[in-house]
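Undergrad: The following file, target01.pdb, comprises PDB, C-alpha atoms:
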ATOM      1  CA  MET G   8      25.676 -52.089   1.942  1.00  0.00           C
ATOM      2  CA  VAL G   9      25.924 -54.744   4.636  1.00  0.00           C
ATOM      3  CA  ARG G  10      23.232 -57.463   4.622  1.00  0.00           C
ATOM      4  CA  LYS G  11      21.476 -58.881   7.674  1.00  0.00           C
ATOM      5  CA  LEU G  12      22.005 -62.567   8.477  1.00  0.00           C
ATOM      6  CA  SER G  13      19.537 -64.640  10.507  1.00  0.00           C
ATOM      7  CA  ASP G  14      21.843 -67.182  12.114  1.00  0.00           C
ATOM      8  CA  PRO G  15      21.379 -67.479  15.905  1.00  0.00           C
ATOM      9  CA  SER G  16      24.094 -70.118  16.234  1.00  0.00           C
ATOM     10  CA  LEU G  17      26.680 -67.894  14.533  1.00  0.00           C
ATOM     11  CA  ILE G  18      25.628 -64.934  16.673  1.00  0.00           C
ATOM     12  CA  ARG G  19      26.142 -67.061  19.762  1.00  0.00           C
ATOM     13  CA  GLU G  20      29.513 -68.269  18.475  1.00  0.00           C
ATOM     14  CA  TYR G  21      30.812 -64.729  17.980  1.00  0.00           C
ATOM     15  CA  ALA G  22      29.268 -63.501  21.232  1.00  0.00           C
ATOM     16  CA  THR G  23      31.046 -66.249  23.148  1.00  0.00           C
ATOM     17  CA  ALA G  24      34.349 -65.663  21.360  1.00  0.00           C
ATOM     18  CA  PHE G  25      34.353 -61.969  22.286  1.00  0.00           C
ATOM     19  CA  ASP G  26      32.827 -62.301  25.759  1.00  0.00           C
ATOM     20  CA  PHE G  27      29.730 -60.237  24.959  1.00  0.00           C
ATOM     21  CA  ASP G  28      27.810 -62.078  27.699  1.00  0.00           C
ATOM     22  CA  ASN G  29      29.978 -60.344  30.283  1.00  0.00           C
ATOM     23  CA  ILE G  30      29.871 -56.928  28.607  1.00  0.00           C
ATOM     24  CA  PHE G  31      26.164 -56.460  27.911  1.00  0.00           C
ATOM     25  CA  SER G  32      23.015 -56.968  29.910  1.00  0.00           C
ATOM     26  CA  SER G  33      20.720 -59.748  28.727  1.00  0.00           C
ATOM     27  CA  ALA G  34      18.326 -57.224  27.161  1.00  0.00           C
ATOM     28  CA  SER G  35      21.107 -55.657  25.080  1.00  0.00           C
ATOM     29  CA  PHE G  36      22.570 -59.039  24.235  1.00  0.00           C
ATOM     30  CA  ASP G  37      19.232 -60.129  22.774  1.00  0.00           C
ATOM     31  CA  ALA G  38      19.243 -57.014  20.544  1.00  0.00           C
ATOM     32  CA  LEU G  39      22.533 -57.926  18.831  1.00  0.00           C
ATOM     33  CA  GLU G  40      22.201 -58.466  15.079  1.00  0.00           C
ATOM     34  CA  LEU G  41      24.610 -60.020  12.593  1.00  0.00           C
ATOM     35  CA  TYR G  42      25.476 -58.543   9.203  1.00  0.00           C
ATOM     36  CA  GLU G  43      27.631 -59.574   6.268  1.00  0.00           C
ATOM     37  CA  MET G  44      30.090 -57.248   4.510  1.00  0.00           C
ATOM     38  CA  LYS G  45      31.783 -57.775   1.149  1.00  0.00           C
ATOM     39  CA  GLN G  46      35.329 -56.933   0.107  1.00  0.00           C
ATOM     40  CA  GLY G  47      35.627 -53.407  -1.288  1.00  0.00           C
ATOM     41  CA  GLU G  48      32.369 -52.112   0.195  1.00  0.00           C
ATOM     42  CA  VAL G  49      32.491 -48.610   1.637  1.00  0.00           C
ATOM     43  CA  LEU G  50      30.674 -49.175   4.902  1.00  0.00           C
ATOM     44  CA  TRP G  51      30.547 -45.584   6.119  1.00  0.00           C
ATOM     45  CA  GLU G  52      31.743 -42.274   4.751  1.00  0.00           C
ATOM     46  CA  LYS G  53      32.668 -39.049   6.475  1.00  0.00           C
ATOM     47  CA  ASN G  54      29.570 -37.211   7.743  1.00  0.00           C
ATOM     48  CA  ASP G  55      27.343 -40.300   7.702  1.00  0.00           C
ATOM     49  CA  THR G  56      25.086 -40.621  10.746  1.00  0.00           C
ATOM     50  CA  LEU G  57      25.250 -43.725  12.922  1.00  0.00           C
ATOM     51  CA  ASP G  58      22.522 -44.961  15.224  1.00  0.00           C
ATOM     52  CA  HIS G  59      24.126 -48.333  16.068  1.00  0.00           C
ATOM     53  CA  LEU G  60      27.362 -49.491  17.663  1.00  0.00           C
ATOM     54  CA  TYR G  61      29.140 -51.943  15.340  1.00  0.00           C
ATOM     55  CA  PHE G  62      31.599 -54.721  16.110  1.00  0.00           C
ATOM     56  CA  LEU G  63      33.865 -56.263  13.506  1.00  0.00           C
ATOM     57  CA  VAL G  64      33.821 -59.957  14.439  1.00  0.00           C
ATOM     58  CA  ASP G  65      35.309 -61.407  11.250  1.00  0.00           C
ATOM     59  CA  GLY G  66      37.387 -59.951   8.407  1.00  0.00           C
ATOM     60  CA  LYS G  67      39.355 -56.735   8.060  1.00  0.00           C
ATOM     61  CA  ILE G  68      38.483 -53.081   7.498  1.00  0.00           C
ATOM     62  CA  LYS G  69      40.528 -50.014   6.661  1.00  0.00           C
ATOM     63  CA  ILE G  70      39.926 -46.573   8.080  1.00  0.00           C
ATOM     64  CA  TYR G  71      41.104 -43.538   6.181  1.00  0.00           C
ATOM     65  CA  THR G  72      40.561 -39.824   6.040  1.00  0.00           C
ATOM     66  CA  SER G  73      40.448 -37.378   3.148  1.00  0.00           C
ATOM     67  CA  SER G  74      41.923 -33.924   2.723  1.00  0.00           C
ATOM     68  CA  ALA G  75      40.047 -30.942   1.330  1.00  0.00           C
ATOM     69  CA  GLU G  76      41.584 -31.808  -2.057  1.00  0.00           C
ATOM     70  CA  GLY G  77      40.046 -35.277  -1.889  1.00  0.00           C
ATOM     71  CA  LYS G  78      43.285 -37.137  -1.241  1.00  0.00           C
ATOM     72  CA  GLY G  79      43.081 -40.066   1.136  1.00  0.00           C
ATOM     73  CA  LEU G  80      45.419 -41.037   3.939  1.00  0.00           C
ATOM     74  CA  ILE G  81      45.335 -44.391   5.703  1.00  0.00           C
ATOM     75  CA  LEU G  82      44.901 -44.172   9.456  1.00  0.00           C
ATOM     76  CA  ARG G  83      44.629 -47.845  10.350  1.00  0.00           C
ATOM     77  CA  PHE G  84      43.658 -51.330   9.292  1.00  0.00           C
ATOM     78  CA  LYS G  85      41.468 -53.061  11.861  1.00  0.00           C
ATOM     79  CA  ASN G  86      40.931 -56.707  12.712  1.00  0.00           C
ATOM     80  CA  PRO G  87      38.427 -58.234  15.183  1.00  0.00           C
ATOM     81  CA  LEU G  88      37.383 -57.061  17.632  1.00  0.00           C
ATOM     82  CA  ALA G  89      37.230 -53.560  16.138  1.00  0.00           C
ATOM     83  CA  VAL G  90      34.481 -51.217  17.308  1.00  0.00           C
ATOM     84  CA  ILE G  91      32.854 -48.623  15.041  1.00  0.00           C
ATOM     85  CA  GLY G  92      30.609 -45.910  16.418  1.00  0.00           C
ATOM     86  CA  ASP G  93      32.015 -45.610  19.929  1.00  0.00           C
ATOM     87  CA  VAL G  94      32.915 -41.934  19.638  1.00  0.00           C
ATOM     88  CA  GLU G  95      29.693 -41.223  17.758  1.00  0.00           C
ATOM     89  CA  TYR G  96      27.739 -42.920  20.549  1.00  0.00           C
ATOM     90  CA  VAL G  97      29.405 -40.921  23.313  1.00  0.00           C
ATOM     91  CA  LYS G  98      29.617 -37.533  21.561  1.00  0.00           C
ATOM     92  CA  GLY G  99      26.579 -37.681  19.287  1.00  0.00           C
ATOM     93  CA  THR G 100      28.701 -36.745  16.271  1.00  0.00           C
ATOM     94  CA  ASP G 101      28.635 -37.891  12.658  1.00  0.00           C
ATOM     95  CA  VAL G 102      31.167 -40.311  11.193  1.00  0.00           C
ATOM     96  CA  PHE G 103      34.588 -38.659  10.954  1.00  0.00           C
ATOM     97  CA  HIS G 104      36.523 -41.173   8.810  1.00  0.00           C
ATOM     98  CA  THR G 105      35.698 -43.419   5.877  1.00  0.00           C
ATOM     99  CA  VAL G 106      35.488 -47.142   6.677  1.00  0.00           C
ATOM    100  CA  GLU G 107      35.908 -49.751   3.931  1.00  0.00           C
ATOM    101  CA  ALA G 108      35.863 -53.555   3.945  1.00  0.00           C
ATOM    102  CA  VAL G 109      39.245 -54.986   2.950  1.00  0.00           C
ATOM    103  CA  THR G 110      37.899 -58.553   3.018  1.00  0.00           C
ATOM    104  CA  ASP G 111      34.569 -60.310   3.264  1.00  0.00           C
ATOM    105  CA  GLY G 112      33.478 -60.563   6.863  1.00  0.00           C
ATOM    106  CA  HIS G 113      30.844 -60.125   9.543  1.00  0.00           C
ATOM    107  CA  LEU G 114      29.712 -57.241  11.717  1.00  0.00           C
ATOM    108  CA  MET G 115      27.434 -57.253  14.735  1.00  0.00           C
ATOM    109  CA  LYS G 116      25.459 -54.204  15.774  1.00  0.00           C
ATOM    110  CA  ILE G 117      23.308 -52.929  18.618  1.00  0.00           C
ATOM    111  CA  PRO G 118      21.157 -49.748  18.668  1.00  0.00           C
ATOM    112  CA  PHE G 119      22.445 -46.685  20.482  1.00  0.00           C
ATOM    113  CA  ALA G 120      18.963 -46.306  21.985  1.00  0.00           C
ATOM    114  CA  ARG G 121      19.180 -49.770  23.562  1.00  0.00           C
ATOM    115  CA  LEU G 122      22.616 -49.024  24.982  1.00  0.00           C
ATOM    116  CA  ARG G 123      21.419 -45.742  26.505  1.00  0.00           C
ATOM    117  CA  GLN G 124      18.438 -47.498  28.012  1.00  0.00           C
ATOM    118  CA  GLU G 125      20.148 -50.613  29.342  1.00  0.00           C
ATOM    119  CA  GLU G 126      23.867 -49.938  29.757  1.00  0.00           C
ATOM    120  CA  LYS G 127      24.323 -46.431  31.153  1.00  0.00           C
ATOM    121  CA  GLU G 128      25.030 -47.836  34.628  1.00  0.00           C
ATOM    122  CA  ASN G 129      26.619 -51.106  33.529  1.00  0.00           C
ATOM    123  CA  THR G 130      30.221 -50.829  34.721  1.00  0.00           C
ATOM    124  CA  ALA G 131      31.399 -53.722  32.529  1.00  0.00           C
ATOM    125  CA  PHE G 132      30.125 -52.013  29.379  1.00  0.00           C
ATOM    126  CA  LEU G 133      31.404 -48.587  30.430  1.00  0.00           C
ATOM    127  CA  HIS G 134      34.854 -50.029  31.182  1.00  0.00           C
ATOM    128  CA  PHE G 135      34.874 -51.779  27.784  1.00  0.00           C
ATOM    129  CA  LEU G 136      33.897 -48.542  26.048  1.00  0.00           C
ATOM    130  CA  LEU G 137      36.585 -46.568  27.894  1.00  0.00           C
ATOM    131  CA  GLU G 138      39.258 -49.052  26.843  1.00  0.00           C
ATOM    132  CA  VAL G 139      38.118 -48.954  23.211  1.00  0.00           C
ATOM    133  CA  ILE G 140      38.080 -45.156  22.999  1.00  0.00           C
ATOM    134  CA  THR G 141      41.383 -44.743  24.837  1.00  0.00           C
ATOM    135  CA  HIS G 142      43.105 -47.216  22.524  1.00  0.00           C
ATOM    136  CA  LYS G 143      41.577 -45.585  19.447  1.00  0.00           C
ATOM    137  CA  PHE G 144      42.687 -42.080  20.346  1.00  0.00           C
ATOM    138  CA  TYR G 145      46.169 -43.285  21.269  1.00  0.00           C
ATOM    139  CA  THR G 146      46.732 -45.163  18.011  1.00  0.00           C
ATOM    140  CA  GLU G 147      45.035 -42.768  15.608  1.00  0.00           C
ATOM    141  CA  ALA G 148      46.576 -39.659  17.143  1.00  0.00           C
ATOM    142  CA  HIS G 149      49.983 -41.038  16.193  1.00  0.00           C
ATOM    143  CA  ALA G 150      49.044 -42.704  12.907  1.00  0.00           C
ATOM    144  CA  SER G 151      49.542 -39.786  10.524  1.00  0.00           C
ATOM    145  CA  THR G 152      52.785 -38.724  12.198  1.00  0.00           C
ATOM    146  CA  LEU G 153      54.167 -42.259  12.183  1.00  0.00           C
ATOM    147  CA  ASN G 154      53.120 -42.631   8.564  1.00  0.00           C
ATOM    148  CA  MET G 155      55.386 -39.768   7.547  1.00  0.00           C
ATOM    149  CA  LEU G 156      58.319 -40.895   9.698  1.00  0.00           C
ATOM    150  CA  TYR G 157      58.758 -44.143   7.771  1.00  0.00           C
ATOM    151  CA  ASN G 158      60.283 -44.472   4.321  1.00  0.00           C
ATOM    152  CA  THR G 159      58.004 -45.181   1.385  1.00  0.00           C
ATOM    153  CA  ASP G 160      59.184 -48.790   1.092  1.00  0.00           C
ATOM    154  CA  VAL G 161      58.075 -49.471   4.684  1.00  0.00           C
ATOM    155  CA  ARG G 162      54.719 -47.762   4.122  1.00  0.00           C
ATOM    156  CA  LEU G 163      54.087 -49.653   0.881  1.00  0.00           C
ATOM    157  CA  ALA G 164      55.115 -52.998   2.379  1.00  0.00           C
ATOM    158  CA  SER G 165      52.819 -52.400   5.358  1.00  0.00           C
ATOM    159  CA  TYR G 166      49.967 -51.438   3.052  1.00  0.00           C
ATOM    160  CA  LEU G 167      50.353 -54.514   0.846  1.00  0.00           C
ATOM    161  CA  LEU G 168      50.680 -56.752   3.885  1.00  0.00           C
ATOM    162  CA  SER G 169      47.519 -55.298   5.365  1.00  0.00           C
ATOM    163  CA  LEU G 170      45.635 -55.974   2.143  1.00  0.00           C
ATOM    164  CA  THR G 171      46.273 -59.695   2.364  1.00  0.00           C
ATOM    165  CA  ASP G 172      43.253 -61.566   3.652  1.00  0.00           C
ATOM    166  CA  ASP G 173      44.895 -62.749   6.853  1.00  0.00           C
ATOM    167  CA  GLY G 174      48.320 -61.115   6.842  1.00  0.00           C
ATOM    168  CA  LYS G 175      49.863 -64.485   5.999  1.00  0.00           C
ATOM    169  CA  GLY G 176      50.276 -64.357   2.263  1.00  0.00           C
ATOM    170  CA  SER G 177      47.185 -63.976   0.131  1.00  0.00           C
ATOM    171  CA  LEU G 178      48.654 -63.673  -3.357  1.00  0.00           C
ATOM    172  CA  PHE G 179      46.216 -61.633  -5.403  1.00  0.00           C
ATOM    173  CA  HIS G 180      44.137 -58.652  -4.438  1.00  0.00           C
ATOM    174  CA  GLU G 181      41.845 -56.497  -6.554  1.00  0.00           C
ATOM    175  CA  GLU G 182      43.072 -53.353  -4.820  1.00  0.00           C
ATOM    176  CA  MET G 183      46.595 -54.000  -6.108  1.00  0.00           C
ATOM    177  CA  ARG G 184      45.570 -53.443  -9.736  1.00  0.00           C
ATOM    178  CA  PRO G 185      47.657 -50.769 -11.487  1.00  0.00           C
ATOM    179  CA  GLU G 186      44.636 -48.518 -12.145  1.00  0.00           C
ATOM    180  CA  THR G 187      44.418 -47.981  -8.403  1.00  0.00           C
ATOM    181  CA  LEU G 188      48.104 -47.138  -7.923  1.00  0.00           C
ATOM    182  CA  LYS G 189      47.423 -43.394  -7.892  1.00  0.00           C
ATOM    183  CA  GLU G 190      44.971 -43.942  -5.038  1.00  0.00           C
ATOM    184  CA  THR G 191      47.515 -46.160  -3.278  1.00  0.00           C
ATOM    185  CA  ALA G 192      50.149 -43.437  -3.610  1.00  0.00           C
ATOM    186  CA  GLU G 193      47.767 -40.950  -2.015  1.00  0.00           C
ATOM    187  CA  VAL G 194      46.773 -43.121   0.935  1.00  0.00           C
ATOM    188  CA  ILE G 195      50.370 -43.966   1.871  1.00  0.00           C
ATOM    189  CA  GLY G 196      51.486 -40.367   1.379  1.00  0.00           C
ATOM    190  CA  THR G 197      53.812 -40.499  -1.619  1.00  0.00           C
ATOM    191  CA  SER G 198      53.863 -39.612  -5.324  1.00  0.00           C
ATOM    192  CA  TYR G 199      52.684 -41.917  -8.085  1.00  0.00           C
ATOM    193  CA  ARG G 200      56.130 -41.792  -9.690  1.00  0.00           C
ATOM    194  CA  HIS G 201      57.938 -42.666  -6.465  1.00  0.00           C
ATOM    195  CA  LEU G 202      55.473 -45.479  -5.767  1.00  0.00           C
ATOM    196  CA  ASN G 203      56.283 -47.048  -9.127  1.00  0.00           C
ATOM    197  CA  ARG G 204      60.005 -46.830  -8.372  1.00  0.00           C
ATOM    198  CA  VAL G 205      59.513 -48.654  -5.080  1.00  0.00           C
ATOM    199  CA  LEU G 206      57.352 -51.286  -6.781  1.00  0.00           C
ATOM    200  CA  ARG G 207      60.133 -51.882  -9.314  1.00  0.00           C
ATOM    201  CA  ASP G 208      62.619 -52.228  -6.441  1.00  0.00           C
ATOM    202  CA  PHE G 209      60.329 -54.795  -4.785  1.00  0.00           C
ATOM    203  CA  GLU G 210      60.109 -56.672  -8.071  1.00  0.00           C
ATOM    204  CA  ASP G 211      63.903 -56.658  -8.466  1.00  0.00           C
ATOM    205  CA  GLU G 212      64.218 -58.016  -4.915  1.00  0.00           C
ATOM    206  CA  GLY G 213      61.800 -60.865  -5.657  1.00  0.00           C
ATOM    207  CA  ILE G 214      59.130 -59.621  -3.255  1.00  0.00           C
ATOM    208  CA  LEU G 215      56.448 -59.287  -5.914  1.00  0.00           C
ATOM    209  CA  GLU G 216      55.847 -59.644  -9.616  1.00  0.00           C
ATOM    210  CA  LYS G 217      53.421 -58.097 -12.080  1.00  0.00           C
ATOM    211  CA  HIS G 218      51.412 -60.379 -14.328  1.00  0.00           C
ATOM    212  CA  ARG G 219      48.627 -59.279 -16.681  1.00  0.00           C
ATOM    213  CA  GLY G 220      47.956 -56.129 -14.721  1.00  0.00           C
ATOM    214  CA  ILE G 221      47.810 -57.770 -11.300  1.00  0.00           C
ATOM    215  CA  ILE G 222      50.474 -57.625  -8.621  1.00  0.00           C
ATOM    216  CA  LYS G 223      51.394 -60.962  -7.074  1.00  0.00           C
ATOM    217  CA  ILE G 224      53.208 -61.216  -3.744  1.00  0.00           C
ATOM    218  CA  THR G 225      55.926 -63.840  -4.241  1.00  0.00           C
ATOM    219  CA  ASP G 226      57.870 -63.585  -0.980  1.00  0.00           C
ATOM    220  CA  ILE G 227      55.575 -62.813   1.953  1.00  0.00           C
ATOM    221  CA  ASN G 228      58.408 -63.115   4.497  1.00  0.00           C
ATOM    222  CA  ALA G 229      60.502 -60.512   2.688  1.00  0.00           C
ATOM    223  CA  LEU G 230      57.429 -58.275   2.555  1.00  0.00           C
ATOM    224  CA  ARG G 231      56.981 -58.656   6.313  1.00  0.00           C
ATOM    225  CA  ASN G 232      60.618 -57.728   6.867  1.00  0.00           C
ATOM    226  CA  LYS G 233      60.156 -54.617   4.751  1.00  0.00           C
ATOM    227  CA  ALA G 234      57.028 -53.686   6.708  1.00  0.00           C
ATOM    228  CA  GLU G 235      58.977 -53.589   9.988  1.00  0.00           C
ATOM    229  CA  GLY G 236      56.091 -55.071  11.944  1.00  0.00           C
ATOM    230  CA  ASN G 237      53.389 -53.339   9.864  1.00  0.00           C
ATOM    231  CA  ILE G 238      52.922 -49.708  10.836  1.00  0.00           C
ATOM    232  CA  TYR G 239      49.232 -49.721   9.879  1.00  0.00           C
ATOM    233  CA  GLU G 240      48.077 -52.405  12.316  1.00  0.00           C
TER     234      GLU G 240
END
Starting from the file, lay out its structure as structure tokens.

TA:
Amino acid sequence: MVRKLSDPSLIREYATAFDFDNIFSSASFDALELYEMKQGEVLWEKNDTLDHLYFLVDGKIKIYTSSAEGKGLILRFKNPLAVIGDVEYVKGTDVFHTVEAVTDGHLMKIPFARLRQEEKENTAFLHFLLEVITHKFYTEAHASTLNMLYNTDVRLASYLLSLTDDGKGSLFHEEMRPETLKETAEVIGTSYRHLNRVLRDFEDEGILEKHRGIIKITDINALRNKAEGNIYE
């Protein structure tokens, strides 16, 4: 699970970058804590209980849901500043989707109890929260539908592009190993057999190559073109 970091200067750096001074009261600001996440960590699972509001300030996460049969479906990849726990804070519900770290990174958190005590009449915070929730419902309400409207090659290209560390061409990624291809097929909504056909097409087109069980992206620009702007971000 995420590990706490005691680094006041880094906390201040992130807080300044994301304008936290103008969102939170001084009492809430002082309660902010910094945590480290590692690539591949499952940060929260469906039905977990949250008692903090979390902010992704560095790195990338993926948010996905699971069917009754246990099959996953990607909803979104998130970059800073992503907020986790906003709906849970407002509605008092448990976690609805699984959240996993795609890269190493940092999260900041603040207790729900502090927010209820200090921010319930803070218009800057309430406006921030409204914007976050509105954007989340707008994007995620359309995510599954949009996912099915695009061809498998677009979905796969978007998925691979999102798995790069910065979206600019990281070459190797543990999650691209062949033993995870069945999971990849599930989360992008296709069959394992069809996924392999599309991977072979990408290889023939010079977009990627397979070497010793690892997929290597060889033409990041061609991958971006296939992704049509990246439907998952």

Undergrad: When the PyMOL selection byres ((chain G and resi 157-165) around 8) is applied to the file above, which residues end up in the set, as a PyMOL selection string?

TA: chain G and resi 153-156+166-169+195+197+202+205+230-231+233-239

Undergrad: Decode the PyMOL selection byres ((chain G and resi 34) around 10) for the given file into explicit residues and return them as a count of residues only.

TA: 13

Undergrad: What's around segment 140-144 of chain G at 12 Å? Count only C-alpha atoms, leave out sequence neighbours fewer than 4 positions away in its own chain, and write the answer as a PyMOL selection string.

TA: chain G and resi 70+82-85+89-98+133-136+148-150+240

Undergrad: Interatomic distance between atom CA of Ser16 of chain G and atom CA of Ile117 of chain G?

TA: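 It comes out at 17.4 Å.
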
Undergrad: Which is closest to Asn232 of chain G among G:Leu17, G:Glu40, G:Leu12, G:Ile214, if we use only C-alpha atoms?

TA: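 Closest to Asn232 of chain G, using only C-alpha atoms: G:Ile214.
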
Undergrad: Residues near Lys69 of chain G, anyone? I mean within 12 Å using only C-alpha atoms, not counting same-chain ones fewer than 2 positions away, as an MDAnalysis selection string.

TA: chainID G and resid 46:52 63 66:67 71:72 79:86 89 91 104:110 166 169:170 194 239:240

Undergrad: I would like the residues chosen by the PyMOL selection byres ((chain G and resi 215) around 9) on the shown file; could you give them as a PDB file with C-alpha atoms, keeping the file's coordinate frame?

TA:
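The resulting file, out_19.pdb, is shown below:
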ATOM      1  CA  LEU G 206      57.352 -51.286  -6.781  1.00  0.00           C
ATOM      2  CA  ARG G 207      60.133 -51.882  -9.314  1.00  0.00           C
ATOM      3  CA  PHE G 209      60.329 -54.795  -4.785  1.00  0.00           C
ATOM      4  CA  GLU G 210      60.109 -56.672  -8.071  1.00  0.00           C
ATOM      5  CA  ASP G 211      63.903 -56.658  -8.466  1.00  0.00           C
ATOM      6  CA  GLU G 212      64.218 -58.016  -4.915  1.00  0.00           C
ATOM      7  CA  GLY G 213      61.800 -60.865  -5.657  1.00  0.00           C
ATOM      8  CA  ILE G 214      59.130 -59.621  -3.255  1.00  0.00           C
ATOM      9  CA  GLU G 216      55.847 -59.644  -9.616  1.00  0.00           C
ATOM     10  CA  LYS G 217      53.421 -58.097 -12.080  1.00  0.00           C
ATOM     11  CA  ILE G 222      50.474 -57.625  -8.621  1.00  0.00           C
ATOM     12  CA  LYS G 223      51.394 -60.962  -7.074  1.00  0.00           C
ATOM     13  CA  ILE G 224      53.208 -61.216  -3.744  1.00  0.00           C
ATOM     14  CA  THR G 225      55.926 -63.840  -4.241  1.00  0.00           C
ATOM     15  CA  ASP G 226      57.870 -63.585  -0.980  1.00  0.00           C
ATOM     16  CA  ILE G 227      55.575 -62.813   1.953  1.00  0.00           C
ATOM     17  CA  LEU G 230      57.429 -58.275   2.555  1.00  0.00           C
TER      18      LEU G 230
END

Undergrad: Could you work out how far atom CA of Gly112 of chain G lies from atom CA of Glu43 of chain G, giving the answer in Å with one decimal?

TA: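 Value for the atom CA of Glu43 of chain G-atom CA of Gly112 of chain G distance: 6.0 Å.
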